[in-house]
>>> print(open('my_file_35.cif').read())   # mmCIF, C-alpha atoms
data_start
#
loop_
_atom_site.label_atom_id
_atom_site.label_comp_id
_atom_site.auth_asym_id
_atom_site.auth_seq_id
_atom_site.Cartn_x
_atom_site.Cartn_y
_atom_site.Cartn_z
CA MET W 26 -7.82 -236.50 54.44
CA ASP W 27 -10.61 -238.41 56.12
CA ILE W 28 -13.17 -236.70 53.92
CA VAL W 29 -11.22 -237.66 50.83
CA ARG W 30 -11.00 -241.26 51.99
CA LEU W 31 -14.72 -241.35 52.70
CA MET W 32 -15.47 -239.95 49.26
CA ASP W 33 -13.24 -242.58 47.70
CA VAL W 34 -15.08 -245.31 49.55
CA ALA W 35 -18.42 -243.82 48.62
CA LEU W 36 -17.49 -243.49 44.96
CA ASP W 37 -16.02 -246.97 44.87
CA ARG W 38 -18.43 -249.35 43.07
CA THR W 39 -20.69 -246.47 42.03
CA ALA W 40 -20.39 -246.89 38.31
CA PRO W 41 -22.43 -244.47 36.18
CA THR W 42 -25.85 -245.59 34.96
CA VAL W 43 -26.41 -246.37 31.30
CA SER W 44 -27.97 -243.00 30.44
CA ASP W 45 -25.24 -241.12 32.31
CA GLU W 46 -22.64 -243.33 30.70
CA ALA W 47 -23.37 -242.05 27.19
CA ALA W 48 -22.86 -238.47 28.35
CA LEU W 49 -19.72 -239.47 30.23
CA VAL W 50 -18.30 -241.24 27.19
CA ALA W 51 -19.03 -238.20 25.02
CA GLU W 52 -17.22 -235.99 27.52
CA LEU W 53 -14.29 -238.40 27.68
CA LYS W 54 -14.04 -238.48 23.90
CA ALA W 55 -14.03 -234.69 23.86
CA GLY W 56 -11.00 -234.81 26.20
CA SER W 57 -12.70 -233.22 29.22
CA GLU W 58 -10.37 -233.24 32.22
CA GLU W 59 -13.33 -233.18 34.63
CA ALA W 60 -14.76 -236.31 33.02
CA PHE W 61 -11.45 -238.10 33.42
CA ALA W 62 -11.24 -236.95 37.04
CA TYR W 63 -14.72 -238.45 37.60
CA LEU W 64 -13.68 -241.65 35.84
CA LEU W 65 -10.64 -241.86 38.11
CA ALA W 66 -12.74 -241.30 41.22
CA VAL W 67 -15.20 -244.03 40.22
CA TYR W 68 -12.88 -246.69 38.82
CA GLN W 69 -9.44 -246.28 40.35
CA ASN W 70 -10.18 -248.29 43.50
CA PRO W 71 -12.07 -251.19 41.85
CA LEU W 72 -9.42 -251.39 39.14
CA PHE W 73 -6.63 -251.31 41.67
CA ASN W 74 -8.32 -254.03 43.70
CA LEU W 75 -8.79 -256.17 40.58
CA ILE W 76 -5.22 -255.65 39.39
CA SER W 77 -3.69 -256.29 42.82
CA HIS W 78 -5.31 -259.75 42.78
CA MET W 79 -3.97 -260.39 39.29
CA VAL W 80 -0.33 -259.28 39.70
CA ALA W 81 2.38 -259.80 42.28
CA ASP W 82 2.54 -256.85 44.66
CA TYR W 83 1.52 -253.27 45.40
CA ALA W 84 4.23 -251.62 43.32
CA GLU W 85 3.46 -253.82 40.33
CA ALA W 86 -0.26 -253.12 40.71
CA SER W 87 0.41 -249.36 40.81
CA ASP W 88 2.39 -249.50 37.59
CA VAL W 89 -0.24 -251.64 35.87
CA LEU W 90 -3.04 -249.32 37.03
CA GLN W 91 -1.18 -246.34 35.58
CA ASN W 92 -0.72 -248.15 32.27
CA VAL W 93 -4.40 -249.11 32.23
CA LEU W 94 -5.49 -245.50 32.76
CA LEU W 95 -3.18 -244.27 30.00
CA LYS W 96 -4.57 -246.92 27.67
CA ILE W 97 -8.11 -245.82 28.53
CA LEU W 98 -7.15 -242.22 27.80
CA ARG W 99 -5.53 -243.05 24.49
CA GLY W 100 -8.16 -245.55 23.40
CA ILE W 101 -11.38 -243.82 24.46
CA ARG W 102 -11.88 -242.46 20.93
CA GLN W 103 -11.91 -246.02 19.60
CA PHE W 104 -14.51 -247.11 22.19
CA ASN W 105 -17.51 -248.02 20.00
CA GLU W 106 -20.05 -248.38 22.87
CA ARG W 107 -21.06 -251.90 21.83
CA SER W 108 -20.19 -252.99 25.37
CA SER W 109 -20.62 -250.93 28.53
CA LEU W 110 -17.85 -248.57 29.60
CA LYS W 111 -17.34 -250.64 32.73
CA THR W 112 -16.71 -253.91 30.90
CA TRP W 113 -14.48 -252.12 28.36
CA ILE W 114 -12.36 -250.69 31.17
CA TYR W 115 -12.23 -254.02 32.99
CA ARG W 116 -11.22 -255.76 29.76
CA ILE W 117 -8.26 -253.40 29.38
CA ALA W 118 -7.31 -253.95 33.01
CA VAL W 119 -7.48 -257.75 32.80
CA HIS W 120 -5.44 -257.84 29.57
CA GLU W 121 -2.85 -255.43 30.93
CA ALA W 122 -2.53 -257.37 34.18
CA SER W 123 -2.17 -260.66 32.28
CA ASN W 124 0.50 -259.21 30.01
CA HIS W 125 2.31 -257.73 32.97
CA ARG W 126 2.15 -260.98 34.91
CA ARG W 127 3.65 -262.84 31.97
CA SER W 128 6.55 -260.42 31.72
CA TRP W 129 6.86 -260.41 35.52
CA ARG W 130 7.21 -264.19 35.52
CA ARG W 131 10.07 -263.87 33.04
CA ARG W 132 11.76 -261.27 35.24
CA LEU W 133 11.16 -263.25 38.43
CA PHE W 134 14.05 -265.59 37.68
CA HIS W 135 16.45 -262.65 37.49
CA GLU W 136 15.30 -260.54 40.43
CA PRO W 137 15.70 -261.17 44.18
CA PHE W 138 12.54 -262.13 46.09
CA SER W 139 11.79 -260.94 49.62
CA MET W 140 10.04 -263.19 52.12
CA ASP W 141 9.19 -260.14 54.22
CA ASP W 142 6.55 -258.77 51.85
CA GLU W 143 3.78 -261.08 52.99
CA ALA W 144 4.64 -260.61 56.67
CA LEU W 145 4.44 -256.86 56.17
CA GLN W 146 1.02 -257.21 54.54
CA ILE W 147 -0.26 -259.28 57.44
CA SER W 148 1.07 -256.79 60.00
CA ALA W 149 -0.57 -253.92 58.09
CA GLN W 150 -3.83 -255.86 58.00
CA THR W 151 -3.50 -256.51 61.74
CA ALA W 152 -3.08 -252.82 62.40
CA ILE W 153 -6.30 -252.08 60.50
CA TYR W 154 -8.39 -254.65 62.37
CA ARG W 155 -6.98 -253.61 65.74
CA ASN W 156 -9.01 -250.42 65.42
CA ASN W 157 -12.27 -252.42 65.39
CA GLY W 158 -11.81 -253.54 69.02
CA GLU W 159 -11.15 -257.22 68.23
CA THR W 160 -8.80 -259.44 70.21
CA PRO W 161 -5.24 -259.81 68.93
CA TYR W 162 -5.79 -263.53 68.33
CA SER W 163 -8.92 -263.04 66.23
CA VAL W 164 -7.20 -260.26 64.33
CA TYR W 165 -4.20 -262.45 63.56
CA GLU W 166 -6.45 -265.39 62.71
CA GLN W 167 -8.45 -263.28 60.29
CA ALA W 168 -5.33 -261.83 58.69
CA GLU W 169 -3.81 -265.28 58.38
CA CYS W 170 -7.04 -266.60 56.82
CA GLN W 171 -7.06 -263.75 54.28
CA ALA W 172 -3.41 -264.34 53.45
CA GLU W 173 -4.14 -268.03 52.91
CA VAL W 174 -7.09 -267.27 50.62
CA LYS W 175 -4.96 -264.77 48.70
CA ARG W 176 -2.17 -267.30 48.29
CA ALA W 177 -4.62 -269.91 47.03
CA LEU W 178 -6.16 -267.37 44.65
CA ALA W 179 -2.74 -266.32 43.36
CA SER W 180 -1.82 -269.95 42.70
CA LEU W 181 -4.84 -270.48 40.42
CA ALA W 182 -4.24 -270.72 36.70
CA GLU W 183 -4.82 -267.34 35.05
CA PRO W 184 -8.13 -268.02 33.21
CA TYR W 185 -9.74 -269.34 36.39
CA ARG W 186 -8.29 -266.64 38.62
CA ALA W 187 -9.58 -263.87 36.34
CA VAL W 188 -13.11 -265.33 36.39
CA VAL W 189 -13.11 -265.90 40.16
CA VAL W 190 -11.80 -262.40 40.91
CA LEU W 191 -14.30 -260.74 38.56
CA ARG W 192 -17.19 -262.73 40.00
CA GLU W 193 -16.42 -263.08 43.70
CA ILE W 194 -14.47 -259.92 44.41
CA GLU W 195 -15.69 -257.45 41.81
CA GLY W 196 -19.22 -258.83 41.74
CA LEU W 197 -19.67 -258.82 37.97
CA SER W 198 -22.48 -260.85 36.42
CA TYR W 199 -21.80 -263.81 34.11
CA GLU W 200 -22.67 -261.70 31.07
CA GLU W 201 -20.31 -258.91 32.12
CA ILE W 202 -17.49 -261.38 32.75
CA ALA W 203 -18.11 -262.93 29.34
CA GLU W 204 -17.83 -259.47 27.76
CA VAL W 205 -14.69 -258.60 29.70
CA LEU W 206 -12.91 -261.82 28.80
CA GLY W 207 -14.43 -262.16 25.34
CA VAL W 208 -15.72 -265.68 25.95
CA ALA W 209 -19.16 -267.34 26.01
CA ASP W 210 -21.37 -267.41 29.13
CA GLY W 211 -20.98 -271.20 29.32
CA THR W 212 -17.20 -270.82 29.39
CA VAL W 213 -17.53 -268.37 32.27
CA LYS W 214 -19.67 -270.85 34.20
CA SER W 215 -17.31 -273.77 33.62
CA ARG W 216 -14.20 -271.73 34.47
CA LEU W 217 -15.87 -270.45 37.61
CA ARG W 218 -16.83 -273.98 38.62
CA ARG W 219 -13.30 -275.30 38.06
CA GLY W 220 -11.76 -272.29 39.76
CA ARG W 221 -13.93 -272.74 42.83
CA GLU W 222 -13.23 -276.46 42.96
CA SER W 223 -9.52 -275.83 42.72
CA LEU W 224 -9.70 -273.18 45.43
CA LYS W 225 -11.75 -275.47 47.63
CA ARG W 226 -9.12 -278.21 47.27
CA LYS W 227 -6.30 -275.81 48.15
CA LEU W 228 -8.21 -274.48 51.16
CA THR W 229 -9.64 -277.80 52.38
CA ALA W 230 -7.92 -277.62 55.80
CA ARG W 231 -9.04 -274.04 56.39
CA LEU W 232 -12.62 -274.72 55.25
CA SER W 233 -12.87 -277.90 57.41
CA ARG W 234 -11.76 -275.90 60.48
CA SER W 235 -14.37 -273.22 59.85
CA ILE W 236 -17.12 -275.84 59.48
CA MET G 19 -34.79 -282.38 37.06
CA ILE G 20 -33.60 -285.59 38.70
CA PHE G 21 -29.97 -286.03 39.73
CA GLU G 22 -28.47 -289.49 39.47
CA SER G 23 -25.64 -289.09 41.97
CA CYS G 24 -24.03 -286.80 44.56
CA SER G 25 -21.14 -285.98 42.19
CA GLU G 26 -23.66 -284.83 39.57
CA ILE G 27 -25.49 -282.60 42.02
CA ARG G 28 -22.20 -281.16 43.32
CA SER G 29 -21.28 -279.99 39.83
CA TYR G 30 -24.24 -277.59 40.11
CA PHE G 31 -23.16 -276.07 43.44
CA SER G 32 -21.14 -273.32 41.77
CA ASP G 33 -24.19 -272.14 39.81
CA TYR G 34 -26.44 -272.75 42.81
CA ILE G 35 -24.60 -270.36 45.14
CA ASP G 36 -24.69 -267.72 42.38
CA GLY G 37 -28.43 -268.20 41.89
CA ALA G 38 -27.81 -269.19 38.28
CA CYS G 39 -29.71 -272.51 38.38
CA SER G 40 -33.17 -273.00 36.94
CA THR G 41 -36.10 -273.26 39.37
CA GLU G 42 -36.35 -277.00 38.67
CA ALA G 43 -32.68 -277.55 39.47
CA VAL G 44 -32.93 -275.49 42.64
CA GLN G 45 -35.86 -277.59 43.87
CA SER G 46 -34.04 -280.84 43.12
CA ILE G 47 -30.88 -279.64 44.88
CA ARG G 48 -32.85 -278.56 47.94
CA TYR G 49 -34.64 -281.91 48.05
CA HIS G 50 -31.31 -283.76 47.76
CA LEU G 51 -29.67 -281.63 50.44
CA SER G 52 -32.53 -282.33 52.87
CA HIS G 53 -31.43 -285.95 53.22
CA CYS G 54 -27.71 -285.94 52.12
CA ILE G 55 -25.34 -284.73 54.83
CA PRO G 56 -22.06 -285.04 52.81
CA CYS G 57 -23.48 -282.84 50.04
CA THR G 58 -24.73 -280.34 52.64
CA VAL G 59 -21.19 -280.16 54.09
CA GLU G 60 -19.78 -279.77 50.59
CA LEU G 61 -22.18 -276.89 49.83
CA GLU G 62 -21.23 -275.22 53.12
CA ARG G 63 -17.60 -275.39 52.03
CA TYR G 64 -18.50 -273.60 48.81
CA GLN G 65 -20.37 -270.98 50.80
CA ASP G 66 -17.44 -270.58 53.21
CA LEU G 67 -15.10 -270.21 50.30
CA GLN G 68 -17.37 -267.55 48.83
CA ALA G 69 -17.51 -265.76 52.20
CA GLY G 70 -13.72 -265.93 52.46
CA LEU G 71 -13.32 -264.38 49.00
CA HIS G 72 -15.90 -261.70 49.75
CA GLY G 73 -14.14 -260.96 53.03
CA LEU G 74 -10.80 -260.17 51.39
CA ALA G 75 -9.77 -256.64 52.23
CA ARG G 76 -10.36 -254.35 49.27
CA GLN G 77 -7.18 -252.69 48.12
CA GLN G 78 -7.47 -248.92 48.04
CA VAL G 79 -5.38 -246.51 46.03
CA SER G 80 -3.12 -244.56 48.38
CA PRO G 81 -3.38 -240.74 48.30
CA GLU G 82 0.14 -240.59 46.80
CA LEU G 83 -0.80 -242.98 44.02
CA ALA G 84 -4.09 -241.15 43.43
CA LEU G 85 -2.19 -237.89 43.06
CA ARG G 86 0.32 -239.51 40.73
CA LEU G 87 -2.50 -240.84 38.57
CA ARG G 88 -4.19 -237.43 38.43
CA VAL G 89 -0.94 -235.80 37.37
CA LYS G 90 -0.30 -238.48 34.76
CA VAL G 91 -3.80 -238.13 33.32
CA SER G 92 -3.51 -234.36 33.26
CA GLN G 93 -0.14 -234.52 31.51
CA GLU G 94 -1.48 -236.94 28.97
CA LEU G 95 -4.56 -234.82 28.29
CA HIS G 96 -2.55 -231.64 27.83
CA ARG G 97 -0.04 -233.40 25.64
CA ARG G 98 -2.87 -234.49 23.43
CA VAL G 99 -4.41 -231.02 23.33
CA PHE G 100 -1.04 -229.49 22.41
CA GLN G 101 -0.53 -232.01 19.64
CA ARG G 102 -4.02 -231.36 18.36
CA VAL G 103 -3.42 -227.62 18.26
CA MET G 104 -0.11 -228.12 16.47
CA VAL G 105 -1.71 -230.34 13.84
CA ARG G 106 -4.52 -227.83 13.32
CA LEU G 107 -2.07 -224.96 12.95
CA GLU G 108 0.01 -226.97 10.52
CA ASN G 109 -3.04 -227.87 8.46
CA MET G 110 -4.17 -224.26 8.48
CA PHE G 111 -0.86 -222.70 7.49
CA ARG G 112 0.72 -225.26 5.18
CA PRO G 113 -1.47 -224.45 2.09
CA VAL G 114 -0.80 -220.72 2.41
CA LEU G 115 2.80 -220.97 3.55
CA PHE G 116 4.50 -220.58 0.12
CA PRO G 117 2.30 -217.74 -1.20
CA SER G 118 2.47 -215.89 2.09
CA VAL G 119 6.25 -216.18 2.40
CA GLY G 120 6.60 -215.02 -1.23
CA GLY G 121 4.29 -212.10 -0.58
CA VAL G 122 6.17 -211.07 2.54
CA LEU G 123 9.52 -211.21 0.71
CA VAL G 124 8.21 -209.13 -2.21
CA ALA G 125 6.74 -206.62 0.23
CA LEU G 126 10.08 -206.38 2.07
CA ILE G 127 11.96 -205.80 -1.19
CA CYS G 128 9.48 -203.10 -2.28
CA ILE G 129 9.66 -201.36 1.07
CA GLY G 130 13.47 -201.52 0.95
CA LEU G 131 13.52 -199.95 -2.50
CA MET G 132 11.08 -197.25 -1.48
CA LEU G 133 13.08 -196.43 1.61
CA GLY G 134 16.30 -196.32 -0.44
CA ALA G 135 14.81 -193.81 -2.90
CA GLY G 136 13.47 -191.59 -0.19
CA THR G 137 16.64 -191.44 1.88
CA PRO G 138 17.49 -187.76 2.57
CA ARG G 139 20.76 -186.54 1.08
CA VAL G 140 23.62 -185.83 3.42
CA SER G 141 24.20 -182.09 3.84
CA ASN G 142 27.61 -180.66 2.86
CA ILE G 143 27.44 -177.97 5.53
CA PRO G 144 29.89 -178.90 8.23
CA ASP G 145 28.41 -179.32 11.64
CA VAL G 146 29.21 -176.81 14.32
CA PRO G 147 31.56 -178.54 16.74
CA LEU G 148 29.77 -179.09 19.98
CA ASN G 149 32.84 -180.12 22.00
CA LEU G 150 33.84 -177.79 24.86
CA VAL G 151 37.47 -177.64 23.70
CA THR G 152 38.58 -178.22 20.07
CA PRO G 153 42.15 -178.27 18.72
CA PRO G 154 43.30 -175.97 15.89
CA ARG G 155 42.83 -177.28 12.37
CA ILE G 156 44.50 -176.58 9.05
CA GLN G 157 42.39 -174.26 6.87
CA VAL G 158 44.80 -173.35 4.10
CA LEU G 159 48.27 -174.87 3.86
CA ALA G 160 50.80 -173.06 1.65
CA PRO G 161 52.41 -175.15 -1.11
CA MET G 162 55.49 -177.03 -0.02
CA ASN G 163 58.66 -176.94 -2.05
CA PHE G 164 61.12 -178.75 0.17
CA ASP G 165 62.38 -182.27 0.50
CA THR G 166 62.04 -183.99 3.89
CA GLY G 167 64.43 -186.78 2.96
CA ASN G 168 63.80 -190.36 3.96
CA GLN G 169 62.64 -189.55 7.48
CA PRO G 170 59.30 -187.81 8.09
CA LEU G 171 59.39 -184.27 9.43
CA VAL G 172 57.31 -183.78 12.58
CA LEU G 173 56.79 -180.38 14.11
CA VAL G 174 54.61 -178.74 16.73
CA THR G 175 53.03 -175.47 15.72
CA TYR G 176 51.55 -172.88 18.10
CA VAL G 177 48.46 -171.22 16.58
CA ASN G 178 47.00 -168.05 18.08
CA ALA G 179 43.34 -167.07 18.36
CA GLN G 180 43.48 -165.47 14.91
CA GLY G 181 44.60 -168.66 13.23
CA ARG G 182 48.18 -167.58 12.64
CA VAL G 183 51.27 -169.56 13.57
CA THR G 184 53.16 -167.79 16.30
CA SER G 185 56.00 -170.32 16.56
CA TYR G 186 56.86 -173.88 15.74
CA LYS G 187 59.32 -176.52 16.91
CA VAL G 188 60.81 -179.41 14.93
CA ILE G 189 60.48 -182.65 16.91
CA SER G 190 62.04 -185.08 14.46
CA GLY G 191 63.51 -185.13 10.99
CA GLN G 192 66.28 -183.11 9.40
CA HIS G 193 66.29 -179.36 9.99
CA SER G 194 68.85 -177.70 7.73
CA PRO G 195 68.91 -173.88 7.49
CA MET G 196 67.39 -174.03 4.02
CA LEU G 197 64.60 -176.25 5.17
CA MET G 198 63.92 -174.03 8.15
CA GLN G 199 63.71 -171.02 5.85
CA ARG G 200 61.20 -172.73 3.60
CA LEU G 201 59.23 -173.90 6.60
CA ASP G 202 59.10 -170.32 7.89
CA ARG G 203 57.74 -169.23 4.56
CA MET G 204 55.14 -171.96 4.46
CA MET G 205 53.97 -171.23 7.99
CA TYR G 206 53.70 -167.55 7.20
CA TYR G 207 51.33 -168.11 4.30
CA SER G 208 49.30 -170.89 5.91
CA LEU G 209 46.01 -170.23 7.63
CA PHE G 210 44.63 -172.24 10.51
CA GLN G 211 41.28 -172.52 12.20
CA PRO G 212 42.04 -171.56 15.79
CA ALA G 213 41.40 -173.79 18.72
CA THR G 214 38.17 -173.10 20.63
CA SER G 215 37.30 -173.23 24.30
CA PHE G 216 33.55 -173.14 25.09
CA GLY G 217 32.98 -171.85 21.56
CA GLN G 218 35.50 -168.98 21.88
CA PRO G 219 38.68 -168.98 19.70
CA THR G 220 41.84 -169.42 21.69
CA SER G 221 45.48 -170.35 21.11
CA GLY G 222 46.47 -173.99 20.79
CA ARG G 223 49.01 -176.48 19.55
CA LEU G 224 48.94 -178.59 16.42
CA VAL G 225 51.28 -181.44 15.47
CA LEU G 226 52.12 -181.58 11.76
CA SER G 227 53.89 -184.44 10.03
CA PHE G 228 55.37 -184.24 6.51
CA ARG G 229 56.55 -187.24 4.53
CA ARG G 230 57.85 -187.44 0.98
CA ILE G 231 55.62 -189.44 -1.34
CA THR G 232 56.89 -190.41 -4.78
CA VAL G 233 54.24 -190.97 -7.40
CA ARG G 234 55.26 -192.64 -10.65
CA GLY G 235 53.34 -192.13 -13.78
#
>>> encode(input="my_file_35.cif", output="structure tokens")
Amino acid sequence: MDIVRLMDVALDRTAPTVSDEAALVAELKAGSEEAFAYLLAVYQNPLFNLISHMVADYAEASDVLQNVLLKILRGIRQFNERSSLKTWIYRIAVHEASNHRRSWRRRLFHEPFSMDDEALQISAQTAIYRNNGETPYSVYEQAECQAEVKRALASLAEPYRAVVVLREIEGLSYEEIAEVLGVADGTVKSRLRRGRESLKRKLTARLSRSI
Amino acid sequence: MIFESCSEIRSYFSDYIDGACSTEAVQSIRYHLSHCIPCTVELERYQDLQAGLHGLARQQVSPELALRLRVKVSQELHRRVFQRVMVRLENMFRPVLFPSVGGVLVALICIGLMLGAGTPRVSNIPDVPLNLVTPPRIQVLAPMNFDTGNQPLVLVTYVNAQGRVTSYKVISGQHSPMLMQRLDRMMYYSLFQPATSFGQPTSGRLVLSFRRITVRG
């Protein structure tokens, strides 16, 4: 199990190079199961990370990720290679997460909401950091800080949140973000600027303490 | 590039921390920051925010979810392959379906006719009975000239190994002296195939039933 986890971590963020990508796309279009297994190994963690910042919780993110992968499978034949495979996949993920979030908002008024979810996340986070030999206070402080940043990020308007997540968390360039969202580079810059300003305002108390 | 105010320079901080500013803008920002403490604090907030976002724990797919995804992908791939094969088969067979079905039907009819013509005729030679024990059978029955009345006449006859009736007994029906005399006569002139046991003729019993049948015409 440890080996599998290590492989997942190693494969995470290791997207295929451009020359490999053409071969991979050809294999995917031919319906090769091995190619799809490779695609899963490379993209499932980044996509899941992206989606989990775009939708409400783990279960929702799992469902969205599954839908994204099925859409990739069904739509790979229509992939015309004008953009990179990575941006095409991210575009599907962002659209799917946005659509899901919209429908989730509609459902939210009809479904019960549990206050325990966030507490559970923090306790899980605490358990992870405890293994690094940190003090309980610093662990809790760090988990609390992350939860606060996540809350602030989740409260951002969708266009800004998508840009901030793609840039700050997924590490995409401005050009790649523009391709994913189908907007101009200037729009990416302005949305990123407004998103950061908004985040900074929401996290003023936290940022002042850290300074 | 010369910035007029702190608010103007702060609008470039987002690009500055990404390294997306021109060299000129970077130099101007650095010059401004060297003597403006509020803007330096503001930039540090941006950098802290960036560090906070980078420090968010990356969500990993759990092994259960990874397995579920693999299964889903595999199912989807095989569903597609099956559909593709079905479409190919349909495309291949549809143009030849009518001629081939017609051909097969004609061939079946022809074969049926040929088999019907070549069927061997049934032999008239009676088969040798293979049973271990067989009952006696009528071989030649003398003509009857008696009336049984409304009720059928049932009698048990005892046939010896030579096929002759040794005795008989009336079970039901009328048995007047005249009828018994005619029955005696009929039995005397009738010939039976004797009963057999393991292929050897032996004595046996036979039940005979006579009924009057009126034919108009």
>>> interface_residues(input="my_file_35.cif", of="chain G", to="chain W", cutoff="9 Å", atoms="all atoms listed in the file", output="PDB file with C-alpha atoms, in the coordinates of the input")
ATOM      1  CA  SER G  29     -21.280-279.990  39.830  1.00  0.00           C
ATOM      2  CA  TYR G  30     -24.240-277.590  40.110  1.00  0.00           C
ATOM      3  CA  PHE G  31     -23.160-276.070  43.440  1.00  0.00           C
ATOM      4  CA  SER G  32     -21.140-273.320  41.770  1.00  0.00           C
ATOM      5  CA  ASP G  33     -24.190-272.140  39.810  1.00  0.00           C
ATOM      6  CA  VAL G  59     -21.190-280.160  54.090  1.00  0.00           C
ATOM      7  CA  GLU G  62     -21.230-275.220  53.120  1.00  0.00           C
ATOM      8  CA  ARG G  63     -17.600-275.390  52.030  1.00  0.00           C
ATOM      9  CA  TYR G  64     -18.500-273.600  48.810  1.00  0.00           C
ATOM     10  CA  ASP G  66     -17.440-270.580  53.210  1.00  0.00           C
ATOM     11  CA  LEU G  67     -15.100-270.210  50.300  1.00  0.00           C
ATOM     12  CA  GLN G  68     -17.370-267.550  48.830  1.00  0.00           C
ATOM     13  CA  ALA G  69     -17.510-265.760  52.200  1.00  0.00           C
ATOM     14  CA  GLY G  70     -13.720-265.930  52.460  1.00  0.00           C
ATOM     15  CA  LEU G  71     -13.320-264.380  49.000  1.00  0.00           C
ATOM     16  CA  HIS G  72     -15.900-261.700  49.750  1.00  0.00           C
ATOM     17  CA  GLY G  73     -14.140-260.960  53.030  1.00  0.00           C
ATOM     18  CA  LEU G  74     -10.800-260.170  51.390  1.00  0.00           C
ATOM     19  CA  ALA G  75      -9.770-256.640  52.230  1.00  0.00           C
ATOM     20  CA  ARG G  76     -10.360-254.350  49.270  1.00  0.00           C
ATOM     21  CA  GLN G  77      -7.180-252.690  48.120  1.00  0.00           C
ATOM     22  CA  GLN G  78      -7.470-248.920  48.040  1.00  0.00           C
ATOM     23  CA  VAL G  79      -5.380-246.510  46.030  1.00  0.00           C
ATOM     24  CA  PRO G  81      -3.380-240.740  48.300  1.00  0.00           C
ATOM     25  CA  LEU G  83      -0.800-242.980  44.020  1.00  0.00           C
ATOM     26  CA  ALA G  84      -4.090-241.150  43.430  1.00  0.00           C
ATOM     27  CA  ARG G  86       0.320-239.510  40.730  1.00  0.00           C
ATOM     28  CA  LEU G  87      -2.500-240.840  38.570  1.00  0.00           C
ATOM     29  CA  ARG G  88      -4.190-237.430  38.430  1.00  0.00           C
ATOM     30  CA  LYS G  90      -0.300-238.480  34.760  1.00  0.00           C
ATOM     31  CA  VAL G  91      -3.800-238.130  33.320  1.00  0.00           C
ATOM     32  CA  SER G  92      -3.510-234.360  33.260  1.00  0.00           C
ATOM     33  CA  GLU G  94      -1.480-236.940  28.970  1.00  0.00           C
ATOM     34  CA  LEU G  95      -4.560-234.820  28.290  1.00  0.00           C
ATOM     35  CA  ARG G  98      -2.870-234.490  23.430  1.00  0.00           C
ATOM     36  CA  VAL G  99      -4.410-231.020  23.330  1.00  0.00           C
TER      37      VAL G  99
END
>>> residues_around(input="my_file_35.cif", residues="Arg229 (chain G)", least_positions_apart="3", cutoff="10 Å", atoms="all atoms listed in the file", output="PDB file with C-alpha atoms, in the frame of the given file")
ATOM      1  CA  ASP G 165      62.380-182.270   0.500  1.00  0.00           C
ATOM      2  CA  THR G 166      62.040-183.990   3.890  1.00  0.00           C
ATOM      3  CA  GLY G 167      64.430-186.780   2.960  1.00  0.00           C
ATOM      4  CA  ASN G 168      63.800-190.360   3.960  1.00  0.00           C
ATOM      5  CA  GLN G 169      62.640-189.550   7.480  1.00  0.00           C
ATOM      6  CA  PRO G 170      59.300-187.810   8.090  1.00  0.00           C
ATOM      7  CA  LEU G 171      59.390-184.270   9.430  1.00  0.00           C
ATOM      8  CA  VAL G 172      57.310-183.780  12.580  1.00  0.00           C
ATOM      9  CA  GLY G 191      63.510-185.130  10.990  1.00  0.00           C
ATOM     10  CA  THR G 232      56.890-190.410  -4.780  1.00  0.00           C
TER      11      THR G 232
END
>>> atom_distance(input="my_file_35.cif", atom1="CA of Leu49 (chain W)", atom2="CA of Gly207 (chain W)")
23.8 Å
>>> atom_distance(input="my_file_35.cif", atom1="CA of Leu159 (chain G)", atom2="CA of Met204 (chain G)")
7.5 Å
>>> atom_distance(input="my_file_35.cif", atom1="CA of Ser190 (chain G)", atom2="CA of Thr175 (chain G)")
13.2 Å
>>> resolve_selection(input="my_file_35.cif", expression="the PyMOL selection byres ((chain G and resi 21-25) around 10)", output="PDB file with C-alpha atoms, in the frame of the given file")
ATOM      1  CA  MET G  19     -34.790-282.380  37.060  1.00  0.00           C
ATOM      2  CA  ILE G  20     -33.600-285.590  38.700  1.00  0.00           C
ATOM      3  CA  GLU G  26     -23.660-284.830  39.570  1.00  0.00           C
ATOM      4  CA  ILE G  27     -25.490-282.600  42.020  1.00  0.00           C
ATOM      5  CA  ARG G  28     -22.200-281.160  43.320  1.00  0.00           C
ATOM      6  CA  SER G  29     -21.280-279.990  39.830  1.00  0.00           C
ATOM      7  CA  TYR G  30     -24.240-277.590  40.110  1.00  0.00           C
ATOM      8  CA  ALA G  43     -32.680-277.550  39.470  1.00  0.00           C
ATOM      9  CA  SER G  46     -34.040-280.840  43.120  1.00  0.00           C
ATOM     10  CA  ILE G  47     -30.880-279.640  44.880  1.00  0.00           C
ATOM     11  CA  HIS G  50     -31.310-283.760  47.760  1.00  0.00           C
ATOM     12  CA  LEU G  51     -29.670-281.630  50.440  1.00  0.00           C
ATOM     13  CA  CYS G  54     -27.710-285.940  52.120  1.00  0.00           C
ATOM     14  CA  PRO G  56     -22.060-285.040  52.810  1.00  0.00           C
ATOM     15  CA  CYS G  57     -23.480-282.840  50.040  1.00  0.00           C
TER      16      CYS G  57
END
